[in-house]
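> Quick one: the structure is below, questions incoming.
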Amino acid sequence: MLMNFPSKGKIYSEPYGTVSIIAPWNYPVQLTLLPLVGAIASGNTVLIKPSELSLYTSEVLKTIIEDTFDRGFVDVVLGDAIVAAKVLEERFDMIFFTGSTQVGEIVMASAAKNLTPVILELGGKNLLVL
């Protein structure tokens with residue numbers, strides 16, 4: 001725009017900090033590793049909570065991630081909805097969730113307590129970034 005002619009813009013790339021990835025049972029490898037790649041490429045540390053419904057895949061992902069990354073840089077916790085609720089009690093700098101609308105509401109309510117940014121992909125719909 002002409003009224004902004006003499007101004008300059010800059011993009012500052014800054015990591016959020018610690019990102020939580022809560023992954024679904026369908027496409028568990030893709031929907032865990034894709035956000036993980038983006039999070040670590042941006043300089044964040046990550047905690048992954050894969051679905052308990054894809055137990056064997058989650059265990060393989062945990063083994064691969066623990067063999068690849070230092071503890072504290074990328075961590076994986078396995079468990080059911082009780083474990084997921086405990087994860088959401090922790091304070092994160094960003095939450096990435098793929099899953100149902102009902103659980104998405106729980107994730108959003110938890111994130112709202114600390115004004116944590118979230119990326120929600122609910123019920124097979126497009127991403128909702130808030």
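Just so we're on the same page: first chain in the structure tokens is A, next is B, and so on; residues restart at 1 for each chain, and ligands are numbered from 1 in the order they show up.
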For Pro24 in chain A, please output as number ranges by chain all residues within 6 Å (counting only C-alpha atoms; exclusion window: fewer than 6 positions along the same chain).
A: 51, 98-99
> Considering only C-alpha atoms, return as a PyMOL selection string whatever protein or nucleic-acid residues lie within 6 Å of range 74-84 of chain A, sequence-local ones (same chain, fewer than 3 positions apart) excluded.
chain A and resi 45-49+52+62+87
> If you run DSSP over the backbone, which residues in chain A end up helix (DSSP H, G or I)? Put them as a short mmCIF file (atom, residue, chain, number, x, y, z; two decimals) with all heavy atoms, in the first residue's frame.

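out.cif was written with the following content:
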data_model
loop_
_atom_site.label_atom_id
_atom_site.label_comp_id
_atom_site.auth_asym_id
_atom_site.auth_seq_id
_atom_site.Cartn_x
_atom_site.Cartn_y
_atom_site.Cartn_z
N LEU A 2 0.43 2.24 -0.67
CA LEU A 2 1.20 3.47 -0.82
C LEU A 2 1.42 4.19 0.51
O LEU A 2 2.49 4.74 0.75
CB LEU A 2 0.51 4.40 -1.81
CG LEU A 2 1.33 5.60 -2.28
CD1 LEU A 2 2.66 5.15 -2.85
CD2 LEU A 2 0.56 6.41 -3.27
N MET A 3 0.44 4.14 1.43
CA MET A 3 0.61 4.86 2.69
C MET A 3 1.69 4.22 3.57
O MET A 3 2.22 4.86 4.46
CB MET A 3 -0.71 4.93 3.45
CG MET A 3 -1.18 3.63 4.03
SD MET A 3 -2.64 3.94 5.01
CE MET A 3 -3.57 2.49 4.62
N ASN A 4 2.08 2.97 3.31
CA ASN A 4 3.15 2.31 4.06
C ASN A 4 4.46 2.30 3.29
O ASN A 4 5.39 1.58 3.67
CB ASN A 4 2.75 0.87 4.38
CG ASN A 4 1.58 0.79 5.32
OD1 ASN A 4 1.40 1.65 6.17
ND2 ASN A 4 0.78 -0.23 5.17
N GLN A 30 1.93 -40.54 10.66
CA GLN A 30 1.92 -39.25 9.96
C GLN A 30 1.48 -38.12 10.87
O GLN A 30 2.11 -37.06 10.91
CB GLN A 30 0.99 -39.32 8.75
CG GLN A 30 0.87 -37.99 8.04
CD GLN A 30 -0.15 -38.00 6.93
OE1 GLN A 30 -0.83 -38.99 6.69
NE2 GLN A 30 -0.29 -36.89 6.25
N LEU A 31 0.41 -38.34 11.64
CA LEU A 31 -0.14 -37.26 12.46
C LEU A 31 0.62 -37.06 13.78
O LEU A 31 0.25 -36.20 14.57
CB LEU A 31 -1.63 -37.50 12.70
CG LEU A 31 -2.47 -37.43 11.41
CD1 LEU A 31 -3.92 -37.79 11.70
CD2 LEU A 31 -2.37 -36.06 10.76
N THR A 32 1.67 -37.85 13.98
CA THR A 32 2.59 -37.60 15.08
C THR A 32 3.86 -36.95 14.55
O THR A 32 4.33 -35.95 15.09
CB THR A 32 2.95 -38.91 15.81
OG1 THR A 32 1.76 -39.51 16.32
CG2 THR A 32 3.92 -38.66 16.94
N LEU A 33 4.42 -37.53 13.50
CA LEU A 33 5.72 -37.06 13.01
C LEU A 33 5.64 -35.74 12.25
O LEU A 33 6.59 -34.95 12.31
CB LEU A 33 6.39 -38.13 12.16
CG LEU A 33 6.75 -39.43 12.89
CD1 LEU A 33 7.45 -40.40 11.96
CD2 LEU A 33 7.59 -39.15 14.12
N LEU A 34 4.57 -35.49 11.52
CA LEU A 34 4.47 -34.24 10.76
C LEU A 34 4.50 -33.02 11.67
O LEU A 34 5.32 -32.11 11.46
CB LEU A 34 3.23 -34.25 9.87
CG LEU A 34 3.13 -33.12 8.86
CD1 LEU A 34 4.28 -33.19 7.85
CD2 LEU A 34 1.81 -33.19 8.12
N PRO A 35 3.67 -32.96 12.72
CA PRO A 35 3.81 -31.80 13.61
C PRO A 35 5.12 -31.80 14.39
O PRO A 35 5.64 -30.74 14.73
CB PRO A 35 2.61 -31.91 14.55
CG PRO A 35 1.97 -33.21 14.29
CD PRO A 35 2.51 -33.77 13.03
N LEU A 36 5.68 -32.99 14.65
CA LEU A 36 6.96 -33.06 15.35
C LEU A 36 8.06 -32.41 14.52
O LEU A 36 8.86 -31.63 15.05
CB LEU A 36 7.32 -34.52 15.66
CG LEU A 36 8.71 -34.74 16.25
CD1 LEU A 36 8.84 -34.06 17.61
CD2 LEU A 36 9.01 -36.22 16.35
N VAL A 37 8.10 -32.71 13.24
CA VAL A 37 9.13 -32.13 12.36
C VAL A 37 9.02 -30.60 12.37
O VAL A 37 10.03 -29.90 12.51
CB VAL A 37 9.00 -32.68 10.93
CG1 VAL A 37 9.84 -31.89 9.95
CG2 VAL A 37 9.38 -34.15 10.90
N GLY A 38 7.83 -30.08 12.25
CA GLY A 38 7.64 -28.63 12.26
C GLY A 38 8.04 -28.01 13.59
O GLY A 38 8.67 -26.95 13.62
N ALA A 39 7.70 -28.69 14.68
CA ALA A 39 8.01 -28.15 16.01
C ALA A 39 9.51 -28.12 16.27
O ALA A 39 10.03 -27.10 16.75
CB ALA A 39 7.30 -28.98 17.08
N ILE A 40 10.21 -29.20 15.95
CA ILE A 40 11.65 -29.20 16.24
C ILE A 40 12.42 -28.36 15.22
O ILE A 40 13.44 -27.77 15.56
CB ILE A 40 12.23 -30.63 16.37
CG1 ILE A 40 12.09 -31.43 15.09
CG2 ILE A 40 11.63 -31.34 17.54
CD1 ILE A 40 12.75 -32.79 15.13
N ALA A 41 11.92 -28.28 13.99
CA ALA A 41 12.57 -27.41 13.00
C ALA A 41 12.46 -25.95 13.40
O ALA A 41 13.31 -25.14 13.05
CB ALA A 41 11.95 -27.62 11.62
N GLU A 52 -3.90 -44.09 22.72
CA GLU A 52 -3.84 -45.43 23.31
C GLU A 52 -4.52 -46.47 22.43
O GLU A 52 -4.34 -47.67 22.63
CB GLU A 52 -4.47 -45.42 24.72
CG GLU A 52 -5.96 -45.20 24.74
CD GLU A 52 -6.38 -43.73 24.70
OE1 GLU A 52 -5.54 -42.86 24.46
OE2 GLU A 52 -7.59 -43.49 24.88
N LEU A 53 -5.28 -46.02 21.44
CA LEU A 53 -5.98 -46.95 20.55
C LEU A 53 -5.07 -47.54 19.48
O LEU A 53 -5.44 -48.50 18.82
CB LEU A 53 -7.18 -46.26 19.91
CG LEU A 53 -8.24 -45.75 20.89
CD1 LEU A 53 -9.35 -45.05 20.13
CD2 LEU A 53 -8.79 -46.87 21.75
N SER A 54 -3.91 -46.94 19.30
CA SER A 54 -2.91 -47.48 18.36
C SER A 54 -1.67 -47.87 19.17
O SER A 54 -0.57 -47.39 18.92
CB SER A 54 -2.57 -46.45 17.28
OG SER A 54 -2.09 -45.26 17.88
N LEU A 55 -1.87 -48.76 20.12
CA LEU A 55 -0.86 -49.08 21.13
C LEU A 55 0.46 -49.53 20.53
O LEU A 55 1.52 -49.02 20.89
CB LEU A 55 -1.39 -50.16 22.08
CG LEU A 55 -0.41 -50.59 23.17
CD1 LEU A 55 -0.04 -49.43 24.07
CD2 LEU A 55 -0.98 -51.74 23.97
N TYR A 56 0.43 -50.50 19.60
CA TYR A 56 1.69 -51.03 19.06
C TYR A 56 2.44 -49.98 18.25
O TYR A 56 3.66 -49.86 18.35
CB TYR A 56 1.44 -52.29 18.23
CG TYR A 56 0.85 -53.41 19.06
CD1 TYR A 56 -0.39 -53.94 18.76
CD2 TYR A 56 1.53 -53.90 20.16
CE1 TYR A 56 -0.94 -54.95 19.55
CE2 TYR A 56 1.00 -54.91 20.94
CZ TYR A 56 -0.24 -55.43 20.63
OH TYR A 56 -0.76 -56.43 21.41
N THR A 57 1.71 -49.21 17.47
CA THR A 57 2.35 -48.13 16.70
C THR A 57 2.92 -47.09 17.65
O THR A 57 4.03 -46.59 17.44
CB THR A 57 1.33 -47.49 15.73
OG1 THR A 57 0.79 -48.49 14.90
CG2 THR A 57 1.99 -46.41 14.89
N SER A 58 2.18 -46.77 18.69
CA SER A 58 2.67 -45.79 19.68
C SER A 58 3.93 -46.28 20.36
O SER A 58 4.86 -45.50 20.60
CB SER A 58 1.58 -45.52 20.72
OG SER A 58 0.45 -44.94 20.12
N GLU A 59 4.00 -47.56 20.67
CA GLU A 59 5.20 -48.11 21.30
C GLU A 59 6.40 -48.07 20.36
O GLU A 59 7.52 -47.76 20.79
CB GLU A 59 4.94 -49.54 21.78
CG GLU A 59 4.01 -49.59 22.97
CD GLU A 59 3.63 -51.02 23.37
OE1 GLU A 59 3.91 -51.98 22.61
OE2 GLU A 59 3.02 -51.17 24.44
N VAL A 60 6.17 -48.35 19.07
CA VAL A 60 7.25 -48.27 18.09
C VAL A 60 7.73 -46.82 17.94
O VAL A 60 8.93 -46.55 17.92
CB VAL A 60 6.82 -48.86 16.72
CG1 VAL A 60 7.83 -48.53 15.63
CG2 VAL A 60 6.60 -50.36 16.84
N LEU A 61 6.78 -45.88 17.85
CA LEU A 61 7.15 -44.46 17.77
C LEU A 61 7.95 -44.03 18.99
O LEU A 61 8.94 -43.32 18.87
CB LEU A 61 5.90 -43.59 17.64
CG LEU A 61 5.26 -43.51 16.26
CD1 LEU A 61 3.92 -42.82 16.33
CD2 LEU A 61 6.18 -42.80 15.29
N LYS A 62 7.53 -44.47 20.16
CA LYS A 62 8.25 -44.12 21.39
C LYS A 62 9.68 -44.64 21.34
O LYS A 62 10.62 -43.91 21.66
CB LYS A 62 7.52 -44.69 22.60
CG LYS A 62 8.18 -44.38 23.93
CD LYS A 62 7.33 -44.89 25.08
CE LYS A 62 8.00 -44.78 26.42
NZ LYS A 62 8.24 -43.46 26.89
N THR A 63 9.85 -45.88 20.90
CA THR A 63 11.20 -46.47 20.80
C THR A 63 12.06 -45.70 19.81
O THR A 63 13.21 -45.36 20.10
CB THR A 63 11.11 -47.95 20.38
OG1 THR A 63 10.33 -48.64 21.35
CG2 THR A 63 12.48 -48.57 20.27
N ILE A 64 11.52 -45.40 18.65
CA ILE A 64 12.27 -44.67 17.62
C ILE A 64 12.66 -43.28 18.13
O ILE A 64 13.80 -42.85 17.98
CB ILE A 64 11.45 -44.56 16.31
CG1 ILE A 64 11.33 -45.93 15.66
CG2 ILE A 64 12.08 -43.55 15.35
CD1 ILE A 64 10.33 -45.98 14.52
N ILE A 65 11.72 -42.59 18.74
CA ILE A 65 11.98 -41.23 19.21
C ILE A 65 13.00 -41.23 20.35
O ILE A 65 13.90 -40.41 20.39
CB ILE A 65 10.66 -40.54 19.61
CG1 ILE A 65 9.89 -40.21 18.32
CG2 ILE A 65 10.91 -39.29 20.44
CD1 ILE A 65 8.48 -39.77 18.51
N GLU A 66 12.88 -42.19 21.26
CA GLU A 66 13.84 -42.26 22.38
C GLU A 66 15.24 -42.64 21.90
O GLU A 66 16.23 -42.20 22.49
CB GLU A 66 13.36 -43.25 23.44
CG GLU A 66 12.19 -42.71 24.24
CD GLU A 66 11.65 -43.69 25.25
OE1 GLU A 66 12.01 -44.89 25.20
OE2 GLU A 66 10.86 -43.26 26.10
N ASP A 67 15.32 -43.43 20.83
CA ASP A 67 16.63 -43.79 20.27
C ASP A 67 17.24 -42.65 19.44
O ASP A 67 18.44 -42.61 19.24
CB ASP A 67 16.52 -45.04 19.38
CG ASP A 67 16.26 -46.30 20.19
OD1 ASP A 67 16.42 -46.26 21.43
OD2 ASP A 67 15.90 -47.32 19.56
N THR A 68 16.40 -41.73 18.97
CA THR A 68 16.85 -40.68 18.07
C THR A 68 17.16 -39.37 18.79
O THR A 68 18.15 -38.71 18.47
CB THR A 68 15.78 -40.41 16.99
OG1 THR A 68 15.49 -41.64 16.32
CG2 THR A 68 16.25 -39.39 15.99
N ALA A 81 -6.93 -41.78 28.54
CA ALA A 81 -7.47 -40.42 28.72
C ALA A 81 -7.03 -39.81 30.05
O ALA A 81 -6.90 -38.59 30.14
CB ALA A 81 -8.99 -40.46 28.63
N ILE A 82 -6.78 -40.63 31.05
CA ILE A 82 -6.32 -40.11 32.35
C ILE A 82 -4.92 -39.50 32.19
O ILE A 82 -4.64 -38.42 32.72
CB ILE A 82 -6.31 -41.23 33.41
CG1 ILE A 82 -7.75 -41.70 33.66
CG2 ILE A 82 -5.65 -40.76 34.70
CD1 ILE A 82 -7.86 -42.95 34.48
N VAL A 83 -4.06 -40.17 31.43
CA VAL A 83 -2.72 -39.63 31.17
C VAL A 83 -2.83 -38.36 30.34
O VAL A 83 -2.13 -37.37 30.61
CB VAL A 83 -1.83 -40.68 30.47
CG1 VAL A 83 -0.50 -40.09 30.04
CG2 VAL A 83 -1.63 -41.89 31.37
N ALA A 84 -3.71 -38.36 29.34
CA ALA A 84 -3.89 -37.16 28.52
C ALA A 84 -4.36 -35.98 29.37
O ALA A 84 -3.90 -34.85 29.17
CB ALA A 84 -4.88 -37.44 27.40
N ALA A 85 -5.25 -36.24 30.32
CA ALA A 85 -5.72 -35.17 31.21
C ALA A 85 -4.57 -34.64 32.06
O ALA A 85 -4.46 -33.42 32.28
CB ALA A 85 -6.85 -35.69 32.09
N LYS A 86 -3.69 -35.52 32.52
CA LYS A 86 -2.51 -35.09 33.30
C LYS A 86 -1.57 -34.24 32.44
O LYS A 86 -1.00 -33.26 32.91
CB LYS A 86 -1.76 -36.29 33.87
CG LYS A 86 -2.51 -37.02 34.94
CD LYS A 86 -2.48 -36.23 36.22
CE LYS A 86 -3.11 -37.03 37.35
NZ LYS A 86 -3.37 -36.21 38.52
N VAL A 87 -1.41 -34.65 31.18
CA VAL A 87 -0.57 -33.87 30.25
C VAL A 87 -1.14 -32.47 30.09
O VAL A 87 -0.42 -31.48 30.12
CB VAL A 87 -0.45 -34.59 28.88
CG1 VAL A 87 0.14 -33.67 27.83
CG2 VAL A 87 0.38 -35.86 29.01
N LEU A 88 -2.46 -32.37 29.96
CA LEU A 88 -3.09 -31.06 29.76
C LEU A 88 -3.05 -30.18 31.00
O LEU A 88 -3.24 -28.98 30.91
CB LEU A 88 -4.53 -31.24 29.29
CG LEU A 88 -4.69 -31.73 27.85
CD1 LEU A 88 -6.15 -32.04 27.55
CD2 LEU A 88 -4.12 -30.73 26.88
N GLU A 89 -2.78 -30.77 32.17
CA GLU A 89 -2.62 -29.97 33.38
C GLU A 89 -1.30 -29.21 33.38
O GLU A 89 -1.16 -28.21 34.08
CB GLU A 89 -2.69 -30.86 34.62
CG GLU A 89 -4.08 -31.40 34.91
CD GLU A 89 -4.10 -32.36 36.08
OE1 GLU A 89 -3.06 -32.51 36.77
OE2 GLU A 89 -5.15 -32.97 36.31
N THR A 101 -14.03 -33.61 18.08
CA THR A 101 -14.49 -32.29 18.50
C THR A 101 -14.68 -32.25 20.01
O THR A 101 -14.34 -31.26 20.66
CB THR A 101 -15.80 -31.92 17.78
OG1 THR A 101 -15.57 -31.99 16.37
CG2 THR A 101 -16.28 -30.55 18.15
N GLN A 102 -15.21 -33.33 20.57
CA GLN A 102 -15.46 -33.39 22.01
C GLN A 102 -14.16 -33.23 22.80
O GLN A 102 -14.08 -32.45 23.75
CB GLN A 102 -16.14 -34.71 22.41
CG GLN A 102 -17.53 -34.88 21.86
CD GLN A 102 -17.55 -35.37 20.40
OE1 GLN A 102 -16.53 -35.78 19.85
NE2 GLN A 102 -18.71 -35.31 19.78
N VAL A 103 -13.12 -33.96 22.42
CA VAL A 103 -11.83 -33.85 23.11
C VAL A 103 -11.17 -32.52 22.77
O VAL A 103 -10.50 -31.92 23.61
CB VAL A 103 -10.91 -35.05 22.78
CG1 VAL A 103 -9.57 -34.90 23.47
CG2 VAL A 103 -11.57 -36.36 23.17
N GLY A 104 -11.38 -32.03 21.56
CA GLY A 104 -10.86 -30.72 21.18
C GLY A 104 -11.37 -29.62 22.09
O GLY A 104 -10.63 -28.69 22.42
N GLU A 105 -12.62 -29.72 22.52
CA GLU A 105 -13.17 -28.74 23.45
C GLU A 105 -12.45 -28.80 24.80
O GLU A 105 -12.18 -27.76 25.42
CB GLU A 105 -14.67 -28.98 23.65
CG GLU A 105 -15.50 -28.62 22.44
CD GLU A 105 -16.98 -28.94 22.63
OE1 GLU A 105 -17.37 -29.45 23.72
OE2 GLU A 105 -17.75 -28.68 21.71
N ILE A 106 -12.10 -30.00 25.24
CA ILE A 106 -11.37 -30.17 26.50
C ILE A 106 -9.97 -29.57 26.37
O ILE A 106 -9.50 -28.86 27.27
CB ILE A 106 -11.30 -31.67 26.88
CG1 ILE A 106 -12.70 -32.20 27.17
CG2 ILE A 106 -10.36 -31.89 28.07
CD1 ILE A 106 -12.78 -33.71 27.28
N VAL A 107 -9.32 -29.84 25.24
CA VAL A 107 -7.97 -29.29 25.00
C VAL A 107 -8.03 -27.77 24.97
O VAL A 107 -7.20 -27.09 25.59
CB VAL A 107 -7.38 -29.85 23.68
CG1 VAL A 107 -6.11 -29.13 23.29
CG2 VAL A 107 -7.14 -31.35 23.79
N MET A 108 -9.01 -27.23 24.29
CA MET A 108 -9.14 -25.78 24.18
C MET A 108 -9.41 -25.14 25.54
O MET A 108 -8.82 -24.10 25.87
CB MET A 108 -10.27 -25.44 23.21
CG MET A 108 -10.40 -23.99 22.93
SD MET A 108 -8.90 -23.39 22.16
CE MET A 108 -9.53 -22.02 21.29
N ALA A 109 -10.26 -25.77 26.36
CA ALA A 109 -10.55 -25.24 27.69
C ALA A 109 -9.30 -25.25 28.56
O ALA A 109 -9.04 -24.31 29.30
CB ALA A 109 -11.67 -26.05 28.34
N SER A 110 -8.52 -26.31 28.45
CA SER A 110 -7.27 -26.40 29.20
C SER A 110 -6.29 -25.33 28.75
O SER A 110 -5.63 -24.69 29.57
CB SER A 110 -6.66 -27.79 29.04
OG SER A 110 -5.41 -27.87 29.66
N ALA A 111 -6.17 -25.14 27.46
CA ALA A 111 -5.25 -24.14 26.91
C ALA A 111 -5.67 -22.72 27.27
O ALA A 111 -4.83 -21.85 27.49
CB ALA A 111 -5.15 -24.29 25.40
N ALA A 112 -6.98 -22.50 27.35
CA ALA A 112 -7.49 -21.16 27.64
C ALA A 112 -7.08 -20.68 29.03
O ALA A 112 -6.93 -19.47 29.24
CB ALA A 112 -9.00 -21.15 27.50
#
> Using only C-alpha atoms, which residue out of A:Asn26, A:Ser13, A:Asn44, A:Ser7 lies closest to Met94 in chain A?
A:Asn44
> As a ChimeraX atom specification, list the residues of range 6-129 of chain A assigned to strand (DSSP E or B) by DSSP on the backbone atoms of this structure.
/A:18-22,45-49,74-76,94-99,118-122,127-129
> If I take CA of Glu121 in chain A and CA of Pro15 in chain A, how far is one from the other in Å, to one decimal?
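CA of Pro15 in chain A lies 21.1 Å from CA of Glu121 in chain A.
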> Which residue gives the smallest distance to Trp25 in chain A among A:Asp70, A:Thr116, A:Phe96, A:Pro50, with only C-alpha atoms counted?
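With only C-alpha atoms as the atom set, the closest residue is A:Pro50.
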